[in-house]
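Structure below is work.txt: compact mmCIF, N, CA and C atoms.
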```txt
# COMPACT_ATOMS: atom_id res chain seq x y z
N MET A 1 145.26 94.14 92.45
CA MET A 1 143.82 94.04 92.27
C MET A 1 143.17 93.32 93.45
N LEU A 2 143.82 92.27 93.91
CA LEU A 2 143.30 91.53 95.05
C LEU A 2 143.27 92.41 96.30
N ARG A 3 144.32 93.23 96.48
CA ARG A 3 144.36 94.13 97.64
C ARG A 3 143.19 95.12 97.62
N LEU A 4 142.89 95.64 96.44
CA LEU A 4 141.78 96.57 96.31
C LEU A 4 140.46 95.89 96.69
N ALA A 5 140.29 94.66 96.23
CA ALA A 5 139.07 93.91 96.56
C ALA A 5 138.98 93.66 98.06
N ILE A 6 140.09 93.34 98.69
CA ILE A 6 140.11 93.11 100.14
C ILE A 6 139.78 94.40 100.89
N VAL A 7 140.39 95.50 100.48
CA VAL A 7 140.13 96.80 101.13
C VAL A 7 138.66 97.18 101.00
N LEU A 8 138.11 97.02 99.79
CA LEU A 8 136.70 97.33 99.58
C LEU A 8 135.80 96.41 100.41
N GLY A 9 136.16 95.14 100.49
CA GLY A 9 135.39 94.20 101.29
C GLY A 9 135.41 94.54 102.76
N VAL A 10 136.58 94.90 103.27
CA VAL A 10 136.70 95.28 104.69
C VAL A 10 135.92 96.56 104.95
N ALA A 11 136.01 97.54 104.04
CA ALA A 11 135.28 98.79 104.20
C ALA A 11 133.77 98.53 104.20
N PHE A 12 133.33 97.65 103.34
CA PHE A 12 131.90 97.30 103.27
C PHE A 12 131.44 96.65 104.57
N LEU A 13 132.22 95.70 105.08
CA LEU A 13 131.87 95.04 106.34
C LEU A 13 131.87 96.02 107.51
N LEU A 14 132.84 96.93 107.52
CA LEU A 14 132.91 97.94 108.58
C LEU A 14 131.68 98.84 108.53
N GLN A 15 131.27 99.23 107.33
CA GLN A 15 130.07 100.05 107.17
C GLN A 15 128.84 99.32 107.69
N ILE A 16 128.72 98.06 107.40
CA ILE A 16 127.59 97.26 107.87
C ILE A 16 127.57 97.20 109.40
N ILE A 17 128.72 96.92 109.99
CA ILE A 17 128.80 96.81 111.45
C ILE A 17 128.47 98.14 112.12
N LEU A 18 129.05 99.23 111.61
CA LEU A 18 128.79 100.54 112.22
C LEU A 18 127.35 100.98 112.01
N SER A 19 126.76 100.63 110.88
CA SER A 19 125.34 100.95 110.65
C SER A 19 124.45 100.16 111.60
N MET A 20 124.82 98.92 111.86
CA MET A 20 124.05 98.10 112.80
C MET A 20 124.12 98.69 114.21
N LEU A 21 125.28 99.20 114.59
CA LEU A 21 125.42 99.84 115.90
C LEU A 21 124.54 101.09 115.99
N GLN A 22 124.49 101.85 114.89
CA GLN A 22 123.64 103.03 114.86
C GLN A 22 122.16 102.64 114.98
N MET A 23 121.76 101.60 114.27
CA MET A 23 120.37 101.14 114.36
C MET A 23 120.04 100.65 115.77
N LYS A 24 120.98 99.98 116.41
CA LYS A 24 120.77 99.52 117.78
C LYS A 24 120.59 100.71 118.72
N HIS A 25 121.42 101.74 118.55
CA HIS A 25 121.29 102.96 119.36
C HIS A 25 119.92 103.60 119.16
N PHE A 26 119.49 103.72 117.90
CA PHE A 26 118.19 104.30 117.61
C PHE A 26 117.07 103.46 118.24
N SER A 27 117.17 102.16 118.09
CA SER A 27 116.15 101.26 118.64
C SER A 27 116.06 101.39 120.15
N ASN A 28 117.20 101.47 120.82
CA ASN A 28 117.20 101.64 122.27
C ASN A 28 116.54 102.96 122.68
N GLU A 29 116.82 104.02 121.94
CA GLU A 29 116.22 105.32 122.25
C GLU A 29 114.72 105.29 122.00
N PHE A 30 114.29 104.61 120.95
CA PHE A 30 112.87 104.48 120.67
C PHE A 30 112.17 103.73 121.79
N VAL A 31 112.76 102.63 122.24
CA VAL A 31 112.17 101.83 123.32
C VAL A 31 112.06 102.66 124.59
N LYS A 32 113.10 103.44 124.92
CA LYS A 32 113.05 104.30 126.12
C LYS A 32 111.88 105.27 126.03
N LEU A 33 111.70 105.87 124.86
CA LEU A 33 110.62 106.82 124.68
C LEU A 33 109.27 106.12 124.72
N HIS A 34 109.18 104.96 124.09
CA HIS A 34 107.92 104.21 124.03
C HIS A 34 107.47 103.72 125.40
N ARG A 35 108.41 103.46 126.29
CA ARG A 35 108.06 103.03 127.65
C ARG A 35 107.33 104.14 128.41
N LYS A 36 107.53 105.40 127.98
CA LYS A 36 106.88 106.53 128.63
C LYS A 36 105.48 106.78 128.07
N GLY A 37 105.18 106.24 126.88
CA GLY A 37 103.86 106.45 126.27
C GLY A 37 103.89 106.26 124.77
N LYS A 38 102.92 106.89 124.10
CA LYS A 38 102.80 106.78 122.64
C LYS A 38 103.89 107.58 121.95
N VAL A 39 104.36 107.04 120.83
CA VAL A 39 105.41 107.71 120.06
C VAL A 39 104.96 107.86 118.62
N ALA A 40 105.08 109.07 118.10
CA ALA A 40 104.82 109.32 116.68
C ALA A 40 106.17 109.54 116.00
N CYS A 41 106.39 108.85 114.88
CA CYS A 41 107.66 108.95 114.17
C CYS A 41 107.45 109.52 112.77
N GLY A 42 108.47 110.20 112.30
CA GLY A 42 108.49 110.69 110.94
C GLY A 42 109.90 110.52 110.40
N ARG A 43 110.01 110.34 109.10
CA ARG A 43 111.34 110.15 108.52
C ARG A 43 111.41 110.77 107.14
N LYS A 44 112.63 111.10 106.77
CA LYS A 44 112.91 111.59 105.43
C LYS A 44 114.31 111.13 105.08
N ALA A 45 114.39 110.28 104.06
CA ALA A 45 115.69 109.79 103.61
C ALA A 45 116.47 110.94 103.00
N GLY A 46 117.78 110.88 103.15
CA GLY A 46 118.60 111.98 102.70
C GLY A 46 119.27 111.80 101.37
N GLY A 47 119.58 110.56 100.99
CA GLY A 47 120.38 110.37 99.78
C GLY A 47 121.77 110.91 100.04
N PHE A 48 122.14 111.96 99.31
CA PHE A 48 123.45 112.57 99.52
C PHE A 48 123.40 113.71 100.54
N ARG A 49 122.22 114.05 101.01
CA ARG A 49 122.06 115.06 102.06
C ARG A 49 121.81 114.34 103.38
N ALA A 50 121.81 115.09 104.46
CA ALA A 50 121.55 114.51 105.77
C ALA A 50 120.10 114.04 105.86
N GLY A 51 119.91 112.77 106.13
CA GLY A 51 118.57 112.25 106.34
C GLY A 51 118.13 112.56 107.76
N ALA A 52 116.86 112.34 108.05
CA ALA A 52 116.37 112.66 109.39
C ALA A 52 115.25 111.72 109.79
N ILE A 53 115.24 111.40 111.08
CA ILE A 53 114.15 110.66 111.71
C ILE A 53 113.79 111.42 112.97
N VAL A 54 112.51 111.66 113.20
CA VAL A 54 112.07 112.30 114.43
C VAL A 54 111.12 111.39 115.18
N MET A 55 111.14 111.51 116.49
CA MET A 55 110.25 110.76 117.37
C MET A 55 109.66 111.76 118.35
N PHE A 56 108.35 111.73 118.48
CA PHE A 56 107.67 112.59 119.45
C PHE A 56 106.93 111.72 120.44
N LEU A 57 107.19 111.93 121.72
CA LEU A 57 106.40 111.31 122.77
C LEU A 57 105.15 112.16 122.92
N ILE A 58 103.98 111.54 122.77
CA ILE A 58 102.73 112.30 122.81
C ILE A 58 101.80 111.71 123.86
N ASP A 59 100.93 112.58 124.39
CA ASP A 59 99.94 112.09 125.35
C ASP A 59 98.68 111.67 124.60
N ASP A 60 97.64 111.31 125.32
CA ASP A 60 96.41 110.82 124.70
C ASP A 60 95.69 111.86 123.86
N ASP A 61 95.98 113.14 124.11
CA ASP A 61 95.34 114.22 123.34
C ASP A 61 96.18 114.65 122.13
N GLY A 62 97.33 114.02 121.92
CA GLY A 62 98.18 114.38 120.79
C GLY A 62 99.12 115.53 121.09
N ILE A 63 99.31 115.85 122.36
CA ILE A 63 100.21 116.93 122.76
C ILE A 63 101.62 116.35 122.93
N ILE A 64 102.58 117.02 122.32
CA ILE A 64 103.97 116.55 122.36
C ILE A 64 104.56 116.82 123.74
N ARG A 65 105.11 115.78 124.34
CA ARG A 65 105.77 115.89 125.64
C ARG A 65 107.29 115.93 125.51
N GLU A 66 107.81 115.25 124.48
CA GLU A 66 109.26 115.18 124.29
C GLU A 66 109.54 114.88 122.83
N GLY A 67 110.62 115.42 122.32
CA GLY A 67 111.02 115.15 120.94
C GLY A 67 112.46 114.71 120.85
N LYS A 68 112.73 113.82 119.92
CA LYS A 68 114.10 113.37 119.66
C LYS A 68 114.30 113.30 118.16
N LYS A 69 115.55 113.44 117.73
CA LYS A 69 115.87 113.40 116.31
C LYS A 69 117.14 112.61 116.07
N LEU A 70 117.21 112.02 114.91
CA LEU A 70 118.42 111.39 114.39
C LEU A 70 118.62 112.03 113.04
N GLU A 71 119.70 112.79 112.92
CA GLU A 71 119.92 113.55 111.70
C GLU A 71 121.39 113.45 111.32
N GLY A 72 121.65 113.08 110.08
CA GLY A 72 123.02 113.02 109.62
C GLY A 72 123.18 112.20 108.36
N VAL A 73 124.40 112.20 107.86
CA VAL A 73 124.72 111.50 106.62
C VAL A 73 125.41 110.17 106.91
N THR A 74 126.16 110.10 108.00
CA THR A 74 126.98 108.92 108.27
C THR A 74 126.48 108.15 109.49
N PHE A 75 127.18 107.07 109.76
CA PHE A 75 126.88 106.24 110.92
C PHE A 75 127.22 106.96 112.23
N LEU A 76 127.88 108.09 112.16
CA LEU A 76 128.24 108.83 113.36
C LEU A 76 127.07 109.59 113.97
N ALA A 77 125.98 109.74 113.22
CA ALA A 77 124.80 110.46 113.72
C ALA A 77 124.21 109.70 114.91
N ARG A 78 123.81 110.44 115.92
CA ARG A 78 123.22 109.85 117.12
C ARG A 78 121.90 110.54 117.42
N VAL A 79 121.06 109.87 118.20
CA VAL A 79 119.78 110.44 118.60
C VAL A 79 120.06 111.57 119.59
N ARG A 80 119.45 112.69 119.32
CA ARG A 80 119.61 113.89 120.16
C ARG A 80 118.23 114.47 120.49
N PRO A 81 118.14 115.26 121.55
CA PRO A 81 116.86 115.91 121.87
C PRO A 81 116.44 116.87 120.76
N LEU A 82 115.16 116.97 120.55
CA LEU A 82 114.59 117.93 119.58
C LEU A 82 113.71 118.88 120.38
N LYS A 83 114.25 120.04 120.65
CA LYS A 83 113.58 121.02 121.52
C LYS A 83 112.66 121.92 120.70
N GLY A 84 111.73 122.56 121.41
CA GLY A 84 110.86 123.56 120.81
C GLY A 84 109.48 123.06 120.41
N PHE A 85 109.21 121.78 120.59
CA PHE A 85 107.90 121.23 120.21
C PHE A 85 107.07 120.83 121.42
N GLU A 86 107.64 120.89 122.61
CA GLU A 86 106.94 120.48 123.82
C GLU A 86 105.68 121.34 124.01
N GLY A 87 104.56 120.67 124.35
CA GLY A 87 103.32 121.37 124.61
C GLY A 87 102.49 121.69 123.38
N ARG A 88 103.00 121.36 122.19
CA ARG A 88 102.27 121.63 120.95
C ARG A 88 101.50 120.39 120.51
N ASP A 89 100.41 120.62 119.81
CA ASP A 89 99.61 119.53 119.25
C ASP A 89 100.34 119.00 118.02
N ILE A 90 100.55 117.70 117.98
CA ILE A 90 101.31 117.12 116.87
C ILE A 90 100.60 117.33 115.53
N ARG A 91 99.30 117.49 115.56
CA ARG A 91 98.55 117.69 114.31
C ARG A 91 98.82 119.05 113.69
N THR A 92 99.39 119.98 114.47
CA THR A 92 99.60 121.34 113.96
C THR A 92 101.06 121.64 113.61
N VAL A 93 101.97 120.72 113.92
CA VAL A 93 103.38 120.99 113.58
C VAL A 93 103.60 120.77 112.09
N SER A 94 104.54 121.52 111.54
CA SER A 94 104.80 121.42 110.11
C SER A 94 106.27 121.65 109.81
N GLU A 95 106.60 121.54 108.55
CA GLU A 95 107.95 121.75 108.07
C GLU A 95 108.43 123.17 108.38
N ALA A 96 107.51 124.12 108.40
CA ALA A 96 107.85 125.52 108.65
C ALA A 96 108.33 125.77 110.08
N ASP A 97 108.10 124.82 110.98
CA ASP A 97 108.51 124.97 112.38
C ASP A 97 109.99 124.67 112.60
N VAL A 98 110.68 124.24 111.57
CA VAL A 98 112.09 123.87 111.66
C VAL A 98 112.89 124.86 110.80
N PRO A 99 114.06 125.29 111.27
CA PRO A 99 114.87 126.21 110.45
C PRO A 99 115.14 125.65 109.05
N LYS A 100 115.17 126.52 108.06
CA LYS A 100 115.32 126.09 106.66
C LYS A 100 116.65 125.40 106.40
N THR A 101 117.62 125.57 107.29
CA THR A 101 118.91 124.90 107.12
C THR A 101 118.80 123.40 107.34
N HIS A 102 117.70 122.96 107.94
CA HIS A 102 117.48 121.53 108.20
C HIS A 102 116.28 121.06 107.38
N LYS A 103 116.44 121.05 106.07
CA LYS A 103 115.33 120.76 105.17
C LYS A 103 114.70 119.38 105.42
N ASN A 104 115.52 118.35 105.50
CA ASN A 104 114.97 117.01 105.69
C ASN A 104 114.42 116.80 107.09
N LEU A 105 114.95 117.53 108.08
CA LEU A 105 114.39 117.45 109.42
C LEU A 105 112.97 118.02 109.42
N GLY A 106 112.77 119.11 108.71
CA GLY A 106 111.43 119.68 108.58
C GLY A 106 110.46 118.72 107.92
N LYS A 107 110.94 118.03 106.88
CA LYS A 107 110.09 117.06 106.19
C LYS A 107 109.77 115.87 107.10
N ALA A 108 110.72 115.48 107.95
CA ALA A 108 110.47 114.38 108.88
C ALA A 108 109.44 114.80 109.93
N VAL A 109 109.50 116.05 110.39
CA VAL A 109 108.51 116.55 111.35
C VAL A 109 107.12 116.54 110.71
N ALA A 110 107.04 117.01 109.47
CA ALA A 110 105.75 117.01 108.75
C ALA A 110 105.25 115.58 108.55
N ASP A 111 106.17 114.65 108.29
CA ASP A 111 105.79 113.25 108.12
C ASP A 111 105.24 112.67 109.42
N ALA A 112 105.84 113.02 110.55
CA ALA A 112 105.34 112.54 111.84
C ALA A 112 103.92 113.04 112.08
N SER A 113 103.67 114.30 111.75
CA SER A 113 102.33 114.87 111.91
C SER A 113 101.33 114.17 111.01
N LEU A 114 101.70 113.98 109.74
CA LEU A 114 100.81 113.32 108.78
C LEU A 114 100.55 111.86 109.19
N THR A 115 101.59 111.17 109.64
CA THR A 115 101.43 109.78 110.05
C THR A 115 100.47 109.68 111.24
N PHE A 116 100.60 110.60 112.19
CA PHE A 116 99.70 110.60 113.34
C PHE A 116 98.26 110.87 112.90
N LYS A 117 98.08 111.82 111.99
CA LYS A 117 96.73 112.12 111.50
C LYS A 117 96.12 110.90 110.82
N LYS A 118 96.91 110.22 110.00
CA LYS A 118 96.41 109.02 109.32
C LYS A 118 96.07 107.92 110.33
N TYR A 119 96.93 107.76 111.31
CA TYR A 119 96.72 106.73 112.32
C TYR A 119 95.42 106.98 113.09
N THR A 120 95.20 108.22 113.52
CA THR A 120 94.00 108.52 114.29
C THR A 120 92.73 108.46 113.44
N ALA A 121 92.89 108.62 112.11
CA ALA A 121 91.75 108.51 111.20
C ALA A 121 91.48 107.06 110.82
N GLY A 122 92.35 106.14 111.26
CA GLY A 122 92.17 104.73 110.96
C GLY A 122 92.69 104.31 109.60
N GLU A 123 93.45 105.18 108.95
CA GLU A 123 94.01 104.85 107.63
C GLU A 123 95.22 103.94 107.78
N ILE A 124 95.48 103.19 106.73
CA ILE A 124 96.67 102.35 106.68
C ILE A 124 97.85 103.24 106.29
N ILE A 125 98.93 103.11 107.02
CA ILE A 125 100.12 103.91 106.75
C ILE A 125 101.05 103.08 105.87
N PRO A 126 101.26 103.51 104.62
CA PRO A 126 102.08 102.72 103.71
C PRO A 126 103.56 102.79 104.07
N GLU A 127 104.24 101.69 103.83
CA GLU A 127 105.69 101.66 104.01
C GLU A 127 106.34 102.42 102.87
N PRO A 128 107.36 103.21 103.14
CA PRO A 128 108.04 103.91 102.05
C PRO A 128 108.80 102.91 101.18
N LEU A 129 109.02 103.30 99.93
CA LEU A 129 109.78 102.43 99.03
C LEU A 129 111.23 102.38 99.45
N SER A 130 111.83 101.19 99.35
CA SER A 130 113.26 101.06 99.62
C SER A 130 114.02 101.64 98.43
N PRO A 131 115.32 101.92 98.59
CA PRO A 131 116.09 102.42 97.45
C PRO A 131 116.02 101.48 96.24
N PHE A 132 116.04 100.18 96.47
CA PHE A 132 115.97 99.22 95.36
C PHE A 132 114.61 99.27 94.67
N GLN A 133 113.54 99.46 95.45
CA GLN A 133 112.21 99.57 94.87
C GLN A 133 112.09 100.85 94.04
N LYS A 134 112.71 101.93 94.50
CA LYS A 134 112.68 103.19 93.74
C LYS A 134 113.39 103.04 92.40
N VAL A 135 114.55 102.39 92.43
CA VAL A 135 115.29 102.16 91.18
C VAL A 135 114.48 101.27 90.25
N GLY A 136 113.91 100.20 90.81
CA GLY A 136 113.11 99.29 89.99
C GLY A 136 111.91 99.99 89.38
N SER A 137 111.27 100.85 90.15
CA SER A 137 110.12 101.61 89.64
C SER A 137 110.55 102.55 88.52
N SER A 138 111.68 103.23 88.72
CA SER A 138 112.18 104.16 87.69
C SER A 138 112.55 103.42 86.41
N VAL A 139 113.21 102.29 86.54
CA VAL A 139 113.58 101.49 85.36
C VAL A 139 112.32 100.98 84.67
N GLY A 140 111.36 100.53 85.45
CA GLY A 140 110.10 100.06 84.88
C GLY A 140 109.39 101.15 84.13
N ASN A 141 109.39 102.38 84.65
CA ASN A 141 108.76 103.50 83.99
C ASN A 141 109.46 103.86 82.68
N ILE A 142 110.77 103.68 82.65
CA ILE A 142 111.51 103.96 81.40
C ILE A 142 111.06 103.00 80.31
N PHE A 143 110.92 101.72 80.68
CA PHE A 143 110.52 100.72 79.69
C PHE A 143 109.04 100.89 79.27
N LYS A 144 108.24 101.50 80.15
CA LYS A 144 106.84 101.72 79.83
C LYS A 144 106.65 103.03 79.06
N GLY A 145 107.74 103.81 78.92
CA GLY A 145 107.67 105.06 78.18
C GLY A 145 107.28 106.24 79.04
N LYS A 146 107.30 106.06 80.37
CA LYS A 146 106.98 107.16 81.29
C LYS A 146 108.27 107.76 81.79
N VAL A 147 108.23 109.04 82.07
CA VAL A 147 109.38 109.71 82.67
C VAL A 147 108.98 110.14 84.07
N ALA A 148 109.81 109.79 85.05
CA ALA A 148 109.47 110.09 86.46
C ALA A 148 109.71 111.54 86.78
```
What do you get writing this file as structure tokens?
Amino acid sequence: MLRLAIVLGVAFLLQIILSMLQMKHFSNEFVKLHRKGKVACGRKAGGFRAGAIVMFLIDDDGIIREGKKLEGVTFLARVRPLKGFEGRDIRTVSEADVPKTHKNLGKAVADASLTFKKYTAGEIIPEPLSPFQKVGSSVGNIFKGKVA
């Protein structure tokens, strides 16, 4: 039993360390892009599917100059170029512009467009709920007699 606890503890620590390395890689890529100009980001959590984060380098008119994506289920996912959006207005890109095989990537692209529209309209962009907040909200709704 003690061995199992040790193995699980080591696996948990390894996951934390590798996730931190992935976040550092993403952060470095974001900073590189941001040094070139404005960056619009979109994200879609994956759960058991591949999650996605997109970053678009945009000019003052909202035209996409460069795109990058982070897509995957594990810590092995790395930031890669996102081609096909260069020269397009970020306000016009949508989920339909991404192949259907990349469902969450399409949602992240749509989120980047929506976030940019809200930002330029002066709206406050709400932070997404964390997994713990989602569970807490669902449990709270059960006790209130609501079904999510």
- prompt: What separation in Å, quoted to one decimal, exists between atom N of Lys38 of chain A and atom C of Leu21 of chain A?
  reply: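 We find that atom N of Lys38 of chain A and atom C of Leu21 of chain A lie 23.8 Å from each other.
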query: Which one is closest to Leu76 of chain A: A:Gly140, A:Leu14, A:Ser19, A:Val7? Count only C-alpha atoms.
result: A:Ser19
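With distances taken over all atoms listed in the file, A:Ala52 is the one residue among A:Leu70, A:Leu82, A:Ala52, A:Ile58 lying closest to Lys107 of chain A.
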- prompt: Which polymer residues have any atom within 10 Å of an atom of Gln22 of chain A, counting only C-alpha atoms, with same-chain residues fewer than 2 positions away left out, as a ChimeraX atom specification?
  reply: /A:16-20,24-28,70,74-79
field: Selected residue, from A:Glu95, A:Gly84, A:Gly51, A:Leu57, that lies nearest to Glu71 of chain A when counting only N, CA and C atoms
entry: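 Smallest distance to Glu71 of chain A is found for A:Gly51.
Note that the spacing between atom CA of Ala96 of chain A and atom C of Tyr119 of chain A amounts to 22.8 Å.
Residues lying within 8 Å of (103.5, 107.7, 126.9). Counted over only N, CA and C atoms, they are Leu33, His34, Arg35, Lys36, Gly37, Lys38, Val39, Leu57, Ile58, Asp59 and Asp60 of chain A.
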- request: Do a neighbour search on Lys117 of chain A at 8 Å with all atoms listed in the file, toss out local chain neighbours closer than 6 positions, and write the hits as a ChimeraX atom specification.
  value: /A:90-91,111,123
field: DSSP-assigned alpha helix (DSSP H) among segment 6-144 of chain A, expressed as a PyMOL selection string
entry: chain A and resi 6-36+103-120+131-144
- request: Extract, using all atoms listed in the file, all DNA, RNA and protein residues at most 7 Å from Phe85 of chain A, discarding same-chain residues fewer than 2 positions from it, and format them as a PyMOL selection string.
  value: chain A and resi 64-67+82-83+87-89
query: Interatomic distance between atom CA of Met55 of chain A and atom CA of Glu29 of chain A?
result: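 Taking atom CA of Met55 of chain A as the start and atom CA of Glu29 of chain A as the end point, the length is 9.4 Å.
Comparing A:Thr101, A:Cys41, A:Gly72, A:Ile63 by their smallest distance to Leu114 of chain A, the closest is A:Cys41 (using all atoms listed in the file).
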task: Give me the residues within 12 Å of Pro128 of chain A as a count of residues only, counting only C-alpha atoms and dropping any in the same chain fewer than 3 places off.
output: 11
Draw an axis-aligned box tight on the listed atoms of segment 134-143 of chain A, then pad every side by 4 Å and write out centre and edge lengths in Å to one decimal as JSON.
```
{"center_x": 112.0, "center_y": 101.7, "center_z": 86.9, "size_x": 14.5, "size_y": 12.9, "size_z": 23.2}
```
